[in-house]
Amino acid sequence: MYPIIDAHQHVWDPARAAYPWLGPQHSPIDTRMTFEEVLPELRAAGVDFTVQVQSSDNPEDTELMRESAAAHPEVAGIVGYAPLDDPGTAAAVVASWAGDPLMVGVRTLIHEQPDPEWLLRPEVDEGLGILEAAGLPFDVVAVLPRHLEIIPIVSERHPGLRMVIDHLAKPPIGLDGDAPWARLIARAAENPNVHGKVSGLYSATERMEDWSTDLIRPFFDHALEIFGPTRLMYGGDWPISVLAGGYTRVWNGLRPLFDELGATDREQVLGRTATSFYGLDRARIGLS
């Protein structure tokens, strides 16, 4: 059986890296969160490996993930930070990762930028070109409609750049209607290099824990239709998932959707897509 890979998992330590977005409103996760804490739940769920994803726009956060991966063979890849608005530094960061099979992608917290069109800035466009040339994929934290509108523009400018939309761009789960989300993400998915993460699918109401499998289902079905299983990947979003009921509840809430897939498609969403998209080291995940 193909290993199950959680393609979206975090670790952080506010004592060692700055997390401007993290505060008391995020209790109980506004503290050091380590891989050791989630590992028992991963094992209970049958998850074999994870991809750790950056949580803040600084190199210290990336270094924490590299230390985590060095200590835990279950970490199959790292999506680190590179300052795309500083192309020279971004190029140096990417070059420093050369030869390290664990460094598999880049993310920046575009949703924390005051300018929703930050990705279209000339210097950022140059930074995205560096990723494209290096063959490194980009995780897009799309939370606004404009963020989704920009993805096709970036796709046209950088036809070789692989992108994945984290958390399916936060669909309006629990709210009335889905416009313009359904239309905009479908437009973004027209580029075969754009993928989607089935992660962070919590309620869009004031209480993020007010979600259920049935509430998520229509959004998952839409994503499956527009991306297909070969461009969808599972992500558990720990430790943010603690605020939505915990890792086990999130896994158990998504599992019925995965179990309704055929065996081949289920294997794709739960492992093969992440492996191919991020170019995970096959030896690291136990494949020949």
# chains A, B, ... in the order shown; residues from 1 in each chain; ligands from 1
$ residues_around --residues "range 121-131 of chain A" --least-positions-apart "5" --cutoff "7 Å" --atoms "only C-alpha atoms" --output "PDB file with N, CA and C atoms, in the first residue's frame"
ATOM      1  N   LEU A  84      10.528  36.482  -1.594  1.00  0.00           N
ATOM      2  CA  LEU A  84      10.304  36.664  -3.025  1.00  0.00           C
ATOM      3  C   LEU A  84      10.358  38.131  -3.439  1.00  0.00           C
ATOM      4  N   ASP A  85      10.129  39.034  -2.496  1.00  0.00           N
ATOM      5  CA  ASP A  85      10.203  40.464  -2.815  1.00  0.00           C
ATOM      6  C   ASP A  85      11.634  40.991  -2.768  1.00  0.00           C
ATOM      7  N   ASP A  86      12.593  40.108  -2.506  1.00  0.00           N
ATOM      8  CA  ASP A  86      14.022  40.424  -2.535  1.00  0.00           C
ATOM      9  C   ASP A  86      14.690  39.341  -3.379  1.00  0.00           C
ATOM     10  N   PRO A  87      14.606  39.480  -4.714  1.00  0.00           N
ATOM     11  CA  PRO A  87      15.032  38.379  -5.586  1.00  0.00           C
ATOM     12  C   PRO A  87      16.470  37.919  -5.365  1.00  0.00           C
ATOM     13  N   ALA A  90      16.404  35.807  -2.298  1.00  0.00           N
ATOM     14  CA  ALA A  90      15.651  34.589  -2.599  1.00  0.00           C
ATOM     15  C   ALA A  90      16.495  33.621  -3.419  1.00  0.00           C
ATOM     16  N   ALA A  91      17.233  34.138  -4.393  1.00  0.00           N
ATOM     17  CA  ALA A  91      18.089  33.279  -5.209  1.00  0.00           C
ATOM     18  C   ALA A  91      19.165  32.620  -4.358  1.00  0.00           C
ATOM     19  N   LEU A 136      11.190  24.657  -8.161  1.00  0.00           N
ATOM     20  CA  LEU A 136      10.597  24.583  -6.823  1.00  0.00           C
ATOM     21  C   LEU A 136       9.147  25.049  -6.870  1.00  0.00           C
ATOM     22  N   PRO A 137       8.218  24.265  -6.345  1.00  0.00           N
ATOM     23  CA  PRO A 137       6.813  24.691  -6.339  1.00  0.00           C
ATOM     24  C   PRO A 137       6.539  25.756  -5.290  1.00  0.00           C
ATOM     25  N   HIS A 158       4.351  32.651 -15.642  1.00  0.00           N
ATOM     26  CA  HIS A 158       5.325  31.619 -15.295  1.00  0.00           C
ATOM     27  C   HIS A 158       4.733  30.241 -15.622  1.00  0.00           C
TER      28      HIS A 158
END
$ residues_around --residues "Asp237 in chain A" --least-positions-apart "2" --cutoff "9 Å" --atoms "only C-alpha atoms" --output "PyMOL selection string"
chain A and resi 6-10+167+199-200+235+239-242+247+250
$ write_last_selection --atoms "C-alpha atoms" --output "PDB file, in the first residue's frame"
ATOM      1  CA  ASP A   6      -0.006  14.633   5.261  1.00  0.00           C
ATOM      2  CA  ALA A   7       1.098  17.430   2.931  1.00  0.00           C
ATOM      3  CA  HIS A   8       0.460  20.319   5.327  1.00  0.00           C
ATOM      4  CA  GLN A   9       1.836  20.250   8.861  1.00  0.00           C
ATOM      5  CA  HIS A  10       3.570  22.917  10.957  1.00  0.00           C
ATOM      6  CA  HIS A 167      -6.722  24.947   2.145  1.00  0.00           C
ATOM      7  CA  SER A 199      -6.555  21.009   4.277  1.00  0.00           C
ATOM      8  CA  GLY A 200      -7.775  23.619   6.741  1.00  0.00           C
ATOM      9  CA  GLY A 235      -3.190  18.043   4.555  1.00  0.00           C
ATOM     10  CA  PRO A 239      -1.505  22.544  14.921  1.00  0.00           C
ATOM     11  CA  ILE A 240      -4.070  24.992  13.510  1.00  0.00           C
ATOM     12  CA  SER A 241      -6.386  21.980  13.459  1.00  0.00           C
ATOM     13  CA  VAL A 242      -6.276  21.970  17.257  1.00  0.00           C
ATOM     14  CA  TYR A 247      -5.959  16.353  14.404  1.00  0.00           C
ATOM     15  CA  VAL A 250     -10.105  16.542  11.311  1.00  0.00           C
TER      16      VAL A 250
END
$ select_by_dssp --residues "range 100-287 of chain A" --states "strand (DSSP E)" --output "list in words"
Met103, Val104, Gly105, Val106, Arg107, Phe138, Asp139, Val140, Met163, Val164, Ile165, Val194, His195, Gly196, Lys197, Val198, Leu232, Met233 and Tyr234 of chain A
$ closest_atom_pairs --of "range 260-282 of chain A" --to "range 221-230 of chain A" --cutoff "8 Å" --atoms "only C-alpha atoms" --output "JSON lines"
{"residue": "A:Asp265", "atom": "CA", "partner": "A:Pro229", "partner_atom": "CA", "distance": 5.6}
{"residue": "A:Arg266", "atom": "CA", "partner": "A:Pro229", "partner_atom": "CA", "distance": 7.7}
{"residue": "A:Gln268", "atom": "CA", "partner": "A:Pro229", "partner_atom": "CA", "distance": 6.0}
{"residue": "A:Val269", "atom": "CA", "partner": "A:Pro229", "partner_atom": "CA", "distance": 5.6}
{"residue": "A:Arg272", "atom": "CA", "partner": "A:Thr230", "partner_atom": "CA", "distance": 7.8}
{"residue": "A:Thr273", "atom": "CA", "partner": "A:Thr230", "partner_atom": "CA", "distance": 5.6}
$ residues_around --residues "Asn58 in chain A" --least-positions-apart "2" --cutoff "10 Å" --atoms "only C-alpha atoms" --output "number ranges by chain"
A: 17-19, 54-56, 60-63, 80-83, 108
